[in-house]
Amino acid sequence: MQIIRNSTSKLLRHKHLCQPRVYSLYYSTLKDAAKELPLAAGYQPKPVENAYWEREHRQANLPKASASSCKRGTYRMLLPPPNVTGNLHLGHALMATVQDVIARQREQLGYQVDWVPGTDHAGIATQVVVERTIAASQAKTRHELGRSAFLDEVWRWKAEKGAGIVQDLRQLGCKLNWQREYFTMDEQQAHAVNVAFERLFEEGLIQRRNSIVNWCTALRSAISDIEVDSVEIKEPVEIAVPGYDRKVLFGRMYDFAYHVVDGETLPDGSVEEIVVSTTRPETILGDVAVAVHPLDPRYAKYRNIDQVKLKHPFRDDTIPLVFDINVDQEFGTGAVKITPAHDKFDFELATRHKLEPRQVFTETGLVVDAYSEFKGIPRFEARDLIVNRLEEMDLLRQVRSHTMQLPICSRSKDVIEYMILPQWFLKCKDLAKDALSELHSGRLQILPPSFETDWERWLQDSRDWCISRQLWWGHQVPAYEVIDSQGNSQWVAALDEKAARQKAMKLIGSEEFTLKRDPDVLDTWFSSSLLPFSTAGWPEESYKERYPLDIMQTGHDIIFFWVARMMMLGLKLTGEAPFQRILLNGIVCDAHGRKMSKSLGNIVAPQQVVQGASLESLKAGLEQSCEAGIIKPSELKASTTGMTQMFPNGIQECGTDALRLTLMSHNIKSHFISFDVNTCYTNKLFLNKIWQAMRFTLGSAKGLGISLHQFETLEGVNVGLWDRWIIGRLAETLSVCSQSYSNYNFHLATAALKTFFYQNLCDTYLETTKTAIGNGSADAYIHVGTLTACLSWGLQAMAPYTPFVASELLQHVPLNIELKLSDYKDEKLEEEVNEIVNICHNVRQVKSRNEISKRHLPHLSLFAQNTDSEGVLRRHLPQIKVLSRCEDVELELFDESSKISKKLSFFSSAGALCSFGLKLSNGLALTPEKREEMEKANAKKLKKLVSELQRYRMRLDNEAFQLMADKKVKSHFENKVKELEAEINSLTRLAVLS
């Protein structure tokens, strides 16, 4: 037969996602067909992935083709930069895979994808890890090592870990633009950070002032809110705190009394007092007031007094009683102590009432010298001493259990101390208003939309951002303190010391000054918030060629700390939003829905899933992390125990494609994503199923003397019903894939692809082709062509998810088989084949339940419900025989004259079309036990059918349903009732006749 060749150009791979087209299939019997590539007996990830990289390497060395006129432009993305604190974890793998799927799909659509890779210096996280490593290997602190030598160690760490991250991303198959790879502290990024700081400072948006911050005494630095873990304390519990030999007790409320100055003497001779409740008695030293709610009846008597003073127990002064509507009347006694220097709520209340803060602790967590009785004592040791002194002074009234939220530094595990310290702050009110307007105007889309509320709430309540950190690793603040000859101090921001001196001279009008650069570094999120435009070359004007991004995809846990700040600074510094679409994914958890943590031992690295890992190697990895100082010795035992429980037999090799497919099989928009390694291995077996389908197709073509690459179109070929059905299923699958890309419901695409390849193609259609292909009949060529088309188009649709195996298998099929898919959409045929498949499934279930195998030579008897059913069944008898795995199939109409053979060993119903019975050869009789088992199974089935029938009837009898439902829905319900009635009737009659 003639080959119709596509001589103009190759069919674009993305065509099925834009305008699906399918045409006719011709085959060639020419003997000089291209020699087929060898295909291994089974799918093995490692050689497949190695071959992929060899092809990529060869392609990279070929001359670059000029941009095609069909290109749709550039599609820009930015990979959220992994921290250089270790290798990729599953959360990184999820984000990278999501973006890689988007990138590959956009390439299929004709876009030139510019996806920028990079790594983040991760100030605190990296400094902490390197400090632990140095302590473990050199037994030194960073202070003993010195700033310069310590930074050298960090840069060495970055070089090693950064290279590992890049390698992990490459092995994951990410199609990143490696020519644009950046590091958040490289020269370009450092310049952009300094320029951004300078411009914002000059505009008055960045200021240095004393304000309250999250302070970690162990790190001796302010930290961001995202680095503070809130631990719920439900009852008194002892917790290990860095710097203390013994554990510290938390979870108690202390009531103590403040004596009212000039108060009344009560009848029992005691002095008038106000009892306050606190969980932090150690901060009593810094109390500047006691606050109550103005409507609290317990303190109504003080409302009309001009000034109520209370005697401070440890200072020779008094503090006022103030009224504030923000005081919680339900907390303790309703009276709360106000310590603005060490509590955020107290700081705001004190600001409203113009109360001066009094500092209690030093930056290292010791009581300051001002309180001689307790000076130099660590804060939690001072707590016990203060409580004892209150008891001696007869001021302690009660100590009781109390639930509380304890703020813990996620890096050092120290208890956060809120401190008022000089820091750099970025004013965010106006910036947040502009970022919020992007959403309100409709210019910004957030997916899933549920996060729009969070975006709005956070930006409306956005406070000034503390952007300075007291670290050594990071971007040093480009600000210089100018101290004139009179000792007055002012600040200037400049790109270097020379520029700073020039600004200082203009500022004070003299050359008599000293200049000192701030030793602090900037918050990592500050530099990261510039990435959409700093990686594009900002502040150079050329950045506009690569800005803005088309989409920002990341985890929902950093929507405020990073995504919102990128929007704020992008709008401010460029005048244009850095992106107009945000896609947020959930947090990856283990198979039981638990967050991955060292204590649970459930942290899994992507490479452990890809390559497999024995339990011994998993344990060894934990021990190496402990030796390197990455995890603490106290965490090692718990991690090892948890790891052993999770993976008693280790982790089987799954391969990169199976990992990617598993990650993308979840709804990425869910809040949490439960990752199961066992599911990952199941997906590896699924890929092997497709591999075997390709081998079967190649072998079939070889047996027919043709090459798969000779198939080009299906136009004009009289394809059979089952050929039409499978192409119709392909059309539906590709449609789902296309829709899933537009709304980012990738799990629907992977589910559709699994159903198509596994159930429709491999388990059903392919089985029905074996007889014709084995006999070499005319239909065999059509079947092989249909298989080729399904594999070609199906694998192209699956390629974004499983690029390695898809690339390997697509070498064996043409990429341009034209299919006009709309011609094959046939709902009636689909329903009909589904019924046939369901019948065969029911037959196989009965065979499986009763251990009937091929050696029993089972004969299938079908009893059609009516003449229409008989006609449908007769059209598919050859397929029923194959799919039910029976020796023979006979069909008769099930009516009043039907004579059911007593030789039927087993029987049951199989949906609306028919009932069936099985006869076994070799005189195998049905034992009483088997008959009883069968009767129970049929009785259970009958009960289920009756229950289902009742539900449908109740719905039809419902007046509201009759009024609201359209004609199509009513018709569906009516037909379903008839089908159920027929099935119930046939199952009942079979039971009587057999």
# chains A, B, ... in the order shown; residues from 1 in each chain; ligands from 1

$ closest_atom_pairs --of "range 146-228 of chain A" --to "range 339-350 of chain A" --cutoff "9 Å" --atoms "only C-alpha atoms" --output "CSV"
residue,atom,partner,partner_atom,distance
A:Ser211,CA,A:Phe347,CA,8.7
A:Ile212,CA,A:Lys344,CA,6.8
A:Val213,CA,A:Lys344,CA,8.2

$ residues_around --residues "range 686-688 of chain A" --least-positions-apart "4" --cutoff "7 Å" --atoms "only C-alpha atoms" --output "list in words"
Gly42, Tyr43, Thr682 and Gln692 of chain A

$ select_by_dssp --residues "range 761-840 of chain A" --states "helix (DSSP H, G or I)" --output "PyMOL selection string"
chain A and resi 761-775+778-798+803-810+821-824+827-840

$ closest_residue --among "A:Thr713, A:Gln879, A:Val843, A:Val228" --to "Ala772 in chain A" --atoms "only C-alpha atoms"
A:Gln879

$ residues_around --residues "His259 in chain A" --least-positions-apart "2" --cutoff "9 Å" --atoms "only C-alpha atoms" --output "number ranges by chain"
A: 257, 261-263, 271-275, 309-313, 395

$ closest_atom_pairs --of "range 137-256 of chain A" --to "range 426-445 of chain A" --cutoff "9 Å" --atoms "only C-alpha atoms" --output "JSON lines"
{"residue": "A:Leu200", "atom": "CA", "partner": "A:Leu426", "partner_atom": "CA", "distance": 8.1}
{"residue": "A:Phe201", "atom": "CA", "partner": "A:Leu426", "partner_atom": "CA", "distance": 8.6}
{"residue": "A:Gly204", "atom": "CA", "partner": "A:Lys427", "partner_atom": "CA", "distance": 8.4}
{"residue": "A:Leu205", "atom": "CA", "partner": "A:Lys427", "partner_atom": "CA", "distance": 5.1}
{"residue": "A:Ile206", "atom": "CA", "partner": "A:Leu426", "partner_atom": "CA", "distance": 4.5}
{"residue": "A:Gln207", "atom": "CA", "partner": "A:Leu426", "partner_atom": "CA", "distance": 6.6}
{"residue": "A:Arg208", "atom": "CA", "partner": "A:Leu426", "partner_atom": "CA", "distance": 8.9}

$ write_last_selection --atoms "C-alpha atoms" --output "PDB file, in the first residue's frame"
ATOM      1  CA  LEU A 200      15.292  52.481  49.480  1.00  0.00           C
ATOM      2  CA  PHE A 201      17.416  54.227  52.133  1.00  0.00           C
ATOM      3  CA  GLY A 204      13.403  57.061  53.491  1.00  0.00           C
ATOM      4  CA  LEU A 205      11.911  53.562  53.306  1.00  0.00           C
ATOM      5  CA  ILE A 206      14.855  51.970  55.137  1.00  0.00           C
ATOM      6  CA  GLN A 207      15.646  53.356  58.570  1.00  0.00           C
ATOM      7  CA  ARG A 208      17.707  52.319  61.563  1.00  0.00           C
TER       8      ARG A 208
END

$ closest_residue --among "A:Phe560, A:Asp114, A:Leu787, A:Phe183" --to "Phe757 in chain A" --atoms "only C-alpha atoms"
A:Leu787

$ closest_residue --among "A:Arg358, A:Lys175, A:Arg849, A:Lys919" --to "Met419 in chain A" --atoms "only C-alpha atoms"
A:Arg358

$ closest_residue --among "A:Ile839, A:Asn958, A:Leu507, A:Lys247" --to "Phe916 in chain A" --atoms "only C-alpha atoms"
A:Ile839

$ closest_residue --among "A:Val482, A:Ala751, A:Cys790, A:Ile305" --to "Gly728 in chain A" --atoms "only C-alpha atoms"
A:Cys790

$ closest_atom_pairs --of "range 665-741 of chain A" --to "range 451-461 of chain A" --cutoff "12 Å" --atoms "only C-alpha atoms" --output "tab-separated table"
residue	atom	partner	partner_atom	distance
A:Lys669	CA	A:Phe451	CA	10.3
A:Ser670	CA	A:Phe451	CA	11.5
A:His671	CA	A:Phe451	CA	10.6

$ closest_residue --among "A:Asn938, A:Asn838, A:Ser137, A:Gln167" --to "Gln607 in chain A" --atoms "only C-alpha atoms"
A:Gln167

$ atom_distance --atom1 "CA of Val717 in chain A" --atom2 "CA of Ala749 in chain A"
29.8 Å

$ select_by_dssp --residues "range 91-204 of chain A" --states "strand (DSSP E)" --output "list in words"
Gln112, Val113, Asp114, Trp115, Val116, Gly118, Thr119, Tyr182 and Phe183 of chain A

$ residues_around --residues "Ala864 in chain A" --least-positions-apart "3" --cutoff "7 Å" --atoms "only C-alpha atoms" --output "list in words"
Ser869, Glu870, Glu892, Leu893, Phe894, Leu913, Cys914 and Ser915 of chain A

$ residues_around --residues "range 620-636 of chain A" --least-positions-apart "6" --cutoff "9 Å" --atoms "only C-alpha atoms" --output "list in words"
Thr85, Gly86, Val128, Val129, Val130, Glu131, Arg132, Thr133, Ile134, Ala135, Ala136, Ser137, Lys598, Ser599 and Gly601 of chain A

$ residues_around --residues "Cys216 in chain A" --least-positions-apart "6" --cutoff "12 Å" --atoms "only C-alpha atoms" --output "list in words"
Ile124, Ala222, Ile223, Ser224, Asp225, Glu227, Val228, Val241, Pro242, Thr362, Glu363, Thr364, Gly365, Pro407, Ile408, Cys409, Ser410, Arg411, Ser412, Lys413, Asp414, Val415, Ile416, Glu417, Tyr418, Met419, Arg469, Gln470 and Leu471 of chain A

$ write_last_selection --atoms "N, CA, C and O atoms" --output "mmCIF file, in the first residue's frame"
data_model
loop_
_atom_site.group_PDB
_atom_site.id
_atom_site.type_symbol
_atom_site.label_atom_id
_atom_site.label_comp_id
_atom_site.auth_asym_id
_atom_site.auth_seq_id
_atom_site.Cartn_x
_atom_site.Cartn_y
_atom_site.Cartn_z
ATOM 1 N N ILE A 124 21.364 32.366 58.032
ATOM 2 C CA ILE A 124 21.384 31.707 59.340
ATOM 3 C C ILE A 124 21.537 30.201 59.194
ATOM 4 O O ILE A 124 22.350 29.577 59.887
ATOM 5 N N ALA A 222 19.077 38.673 65.485
ATOM 6 C CA ALA A 222 17.642 38.739 65.208
ATOM 7 C C ALA A 222 17.341 37.701 64.139
ATOM 8 O O ALA A 222 18.185 37.401 63.287
ATOM 9 N N ILE A 223 16.140 37.127 64.179
ATOM 10 C CA ILE A 223 15.744 36.152 63.157
ATOM 11 C C ILE A 223 14.335 36.481 62.677
ATOM 12 O O ILE A 223 13.571 37.182 63.349
ATOM 13 N N SER A 224 14.001 35.962 61.505
ATOM 14 C CA SER A 224 12.686 36.247 60.916
ATOM 15 C C SER A 224 11.613 35.360 61.534
ATOM 16 O O SER A 224 11.911 34.338 62.165
ATOM 17 N N ASP A 225 10.361 35.729 61.324
ATOM 18 C CA ASP A 225 9.246 34.958 61.869
ATOM 19 C C ASP A 225 9.233 33.525 61.349
ATOM 20 O O ASP A 225 8.835 32.604 62.068
ATOM 21 N N GLU A 227 11.609 31.644 60.904
ATOM 22 C CA GLU A 227 12.609 30.841 61.606
ATOM 23 C C GLU A 227 12.246 30.633 63.079
ATOM 24 O O GLU A 227 13.054 30.147 63.861
ATOM 25 N N VAL A 228 11.014 31.008 63.436
ATOM 26 C CA VAL A 228 10.519 30.811 64.798
ATOM 27 C C VAL A 228 9.434 29.743 64.770
ATOM 28 O O VAL A 228 8.412 29.894 64.090
ATOM 29 N N VAL A 241 17.366 23.539 76.756
ATOM 30 C CA VAL A 241 17.629 24.861 76.184
ATOM 31 C C VAL A 241 19.139 25.013 76.053
ATOM 32 O O VAL A 241 19.880 24.741 77.010
ATOM 33 N N PRO A 242 19.635 25.443 74.889
ATOM 34 C CA PRO A 242 21.082 25.613 74.702
ATOM 35 C C PRO A 242 21.680 26.515 75.784
ATOM 36 O O PRO A 242 21.107 27.555 76.143
ATOM 37 N N THR A 362 20.745 40.745 78.626
ATOM 38 C CA THR A 362 21.742 41.094 77.615
ATOM 39 C C THR A 362 21.470 40.286 76.358
ATOM 40 O O THR A 362 20.593 39.416 76.325
ATOM 41 N N GLU A 363 22.241 40.541 75.307
ATOM 42 C CA GLU A 363 22.070 39.825 74.038
ATOM 43 C C GLU A 363 22.410 38.345 74.169
ATOM 44 O O GLU A 363 22.046 37.541 73.312
ATOM 45 N N THR A 364 23.119 37.979 75.258
ATOM 46 C CA THR A 364 23.444 36.559 75.481
ATOM 47 C C THR A 364 22.500 35.902 76.479
ATOM 48 O O THR A 364 22.699 34.752 76.864
ATOM 49 N N GLY A 365 21.475 36.645 76.931
ATOM 50 C CA GLY A 365 20.468 36.045 77.792
ATOM 51 C C GLY A 365 20.788 36.109 79.271
ATOM 52 O O GLY A 365 20.220 35.336 80.060
ATOM 53 N N PRO A 407 7.913 30.126 71.835
ATOM 54 C CA PRO A 407 8.637 30.411 70.582
ATOM 55 C C PRO A 407 10.051 29.825 70.624
ATOM 56 O O PRO A 407 10.827 30.139 71.528
ATOM 57 N N ILE A 408 10.363 28.995 69.646
ATOM 58 C CA ILE A 408 11.663 28.319 69.590
ATOM 59 C C ILE A 408 12.371 28.683 68.292
ATOM 60 O O ILE A 408 11.759 28.685 67.212
ATOM 61 N N CYS A 409 13.655 28.956 68.372
ATOM 62 C CA CYS A 409 14.448 29.197 67.169
ATOM 63 C C CYS A 409 14.612 27.882 66.415
ATOM 64 O O CYS A 409 15.111 26.894 66.960
ATOM 65 N N SER A 410 14.165 27.840 65.178
ATOM 66 C CA SER A 410 14.215 26.601 64.404
ATOM 67 C C SER A 410 15.651 26.164 64.116
ATOM 68 O O SER A 410 15.893 24.991 63.830
ATOM 69 N N ARG A 411 16.591 27.074 64.177
ATOM 70 C CA ARG A 411 17.976 26.755 63.857
ATOM 71 C C ARG A 411 18.747 26.256 65.074
ATOM 72 O O ARG A 411 19.434 25.245 65.017
ATOM 73 N N SER A 412 18.643 26.982 66.206
ATOM 74 C CA SER A 412 19.447 26.640 67.382
ATOM 75 C C SER A 412 18.669 25.904 68.460
ATOM 76 O O SER A 412 19.256 25.372 69.397
ATOM 77 N N LYS A 413 17.315 25.923 68.343
ATOM 78 C CA LYS A 413 16.410 25.330 69.349
ATOM 79 C C LYS A 413 16.432 26.114 70.659
ATOM 80 O O LYS A 413 15.985 25.616 71.690
ATOM 81 N N ASP A 414 16.925 27.327 70.598
ATOM 82 C CA ASP A 414 16.910 28.193 71.771
ATOM 83 C C ASP A 414 15.515 28.810 71.899
ATOM 84 O O ASP A 414 14.780 28.942 70.900
ATOM 85 N N VAL A 415 15.147 29.196 73.129
ATOM 86 C CA VAL A 415 13.876 29.882 73.346
ATOM 87 C C VAL A 415 14.058 31.343 72.947
ATOM 88 O O VAL A 415 15.012 32.007 73.386
ATOM 89 N N ILE A 416 13.174 31.819 72.070
ATOM 90 C CA ILE A 416 13.289 33.187 71.573
ATOM 91 C C ILE A 416 13.092 34.185 72.710
ATOM 92 O O ILE A 416 12.195 34.051 73.538
ATOM 93 N N GLU A 417 13.948 35.196 72.712
ATOM 94 C CA GLU A 417 13.809 36.306 73.656
ATOM 95 C C GLU A 417 13.500 37.550 72.834
ATOM 96 O O GLU A 417 14.272 37.927 71.957
ATOM 97 N N TYR A 418 12.363 38.143 73.066
ATOM 98 C CA TYR A 418 12.032 39.376 72.350
ATOM 99 C C TYR A 418 12.851 40.514 72.969
ATOM 100 O O TYR A 418 12.863 40.697 74.185
ATOM 101 N N MET A 419 13.557 41.244 72.111
ATOM 102 C CA MET A 419 14.495 42.272 72.579
ATOM 103 C C MET A 419 14.312 43.558 71.769
ATOM 104 O O MET A 419 14.002 43.511 70.564
ATOM 105 N N ARG A 469 20.650 41.334 60.252
ATOM 106 C CA ARG A 469 20.956 40.139 61.033
ATOM 107 C C ARG A 469 22.380 40.266 61.570
ATOM 108 O O ARG A 469 23.277 40.765 60.887
ATOM 109 N N GLN A 470 22.584 39.776 62.791
ATOM 110 C CA GLN A 470 23.890 39.890 63.426
ATOM 111 C C GLN A 470 24.711 38.628 63.138
ATOM 112 O O GLN A 470 25.071 37.867 64.039
ATOM 113 N N LEU A 471 24.966 38.413 61.851
ATOM 114 C CA LEU A 471 25.681 37.225 61.390
ATOM 115 C C LEU A 471 26.977 37.636 60.696
ATOM 116 O O LEU A 471 27.234 38.818 60.472
#

$ residues_around --residues "range 521-536 of chain A" --least-positions-apart "2" --cutoff "8 Å" --atoms "only C-alpha atoms" --output "PyMOL selection string"
chain A and resi 78+120-123+180+182+184+188-189+192-193+224+466-477+519+538-539+542-549+561-563+565-567+569-570+578

$ write_last_selection --atoms "C-alpha atoms" --output "mmCIF file, in the first residue's frame"
data_model
loop_
_atom_site.group_PDB
_atom_site.id
_atom_site.type_symbol
_atom_site.label_atom_id
_atom_site.label_comp_id
_atom_site.auth_asym_id
_atom_site.auth_seq_id
_atom_site.Cartn_x
_atom_site.Cartn_y
_atom_site.Cartn_z
ATOM 1 C CA LEU A 78 12.581 31.234 38.257
ATOM 2 C CA ASP A 120 20.547 30.669 48.067
ATOM 3 C CA HIS A 121 23.252 31.487 50.609
ATOM 4 C CA ALA A 122 20.676 31.000 53.407
ATOM 5 C CA GLY A 123 22.407 33.165 55.991
ATOM 6 C CA ARG A 180 21.986 31.950 33.649
ATOM 7 C CA TYR A 182 23.291 32.402 39.828
ATOM 8 C CA THR A 184 22.540 34.889 45.798
ATOM 9 C CA GLN A 188 25.798 40.518 40.168
ATOM 10 C CA GLN A 189 23.445 39.711 43.034
ATOM 11 C CA ALA A 192 21.800 44.533 42.984
ATOM 12 C CA VAL A 193 21.327 44.120 46.747
ATOM 13 C CA SER A 224 12.686 36.247 60.916
ATOM 14 C CA CYS A 466 13.534 43.966 60.192
ATOM 15 C CA ILE A 467 16.093 43.321 57.455
ATOM 16 C CA SER A 468 19.317 43.191 59.495
ATOM 17 C CA ARG A 469 20.956 40.139 61.033
ATOM 18 C CA GLN A 470 23.890 39.890 63.426
ATOM 19 C CA LEU A 471 25.681 37.225 61.390
ATOM 20 C CA TRP A 472 28.932 36.862 59.508
ATOM 21 C CA TRP A 473 27.564 35.041 56.456
ATOM 22 C CA GLY A 474 25.492 37.152 54.109
ATOM 23 C CA HIS A 475 25.345 40.504 52.321
ATOM 24 C CA GLN A 476 26.948 43.051 54.616
ATOM 25 C CA VAL A 477 24.667 46.040 55.129
ATOM 26 C CA PRO A 519 29.084 44.799 60.496
ATOM 27 C CA TRP A 538 18.961 44.863 37.197
ATOM 28 C CA PRO A 539 19.897 47.645 37.842
ATOM 29 C CA SER A 542 18.876 45.422 29.885
ATOM 30 C CA TYR A 543 16.990 43.565 32.634
ATOM 31 C CA LYS A 544 13.719 44.517 30.904
ATOM 32 C CA GLU A 545 14.453 41.997 28.161
ATOM 33 C CA ARG A 546 14.081 39.159 30.704
ATOM 34 C CA TYR A 547 11.520 40.631 33.060
ATOM 35 C CA PRO A 548 8.858 39.941 34.323
ATOM 36 C CA LEU A 549 8.348 36.235 34.944
ATOM 37 C CA PHE A 561 8.201 35.737 53.539
ATOM 38 C CA TRP A 562 9.234 35.570 49.905
ATOM 39 C CA VAL A 563 6.461 35.815 47.304
ATOM 40 C CA ARG A 565 8.073 40.603 49.293
ATOM 41 C CA MET A 566 9.111 39.908 45.699
ATOM 42 C CA MET A 567 5.883 41.590 44.640
ATOM 43 C CA LEU A 569 10.067 45.231 45.921
ATOM 44 C CA GLY A 570 9.470 44.368 42.277
ATOM 45 C CA PRO A 578 7.531 40.603 38.829
#
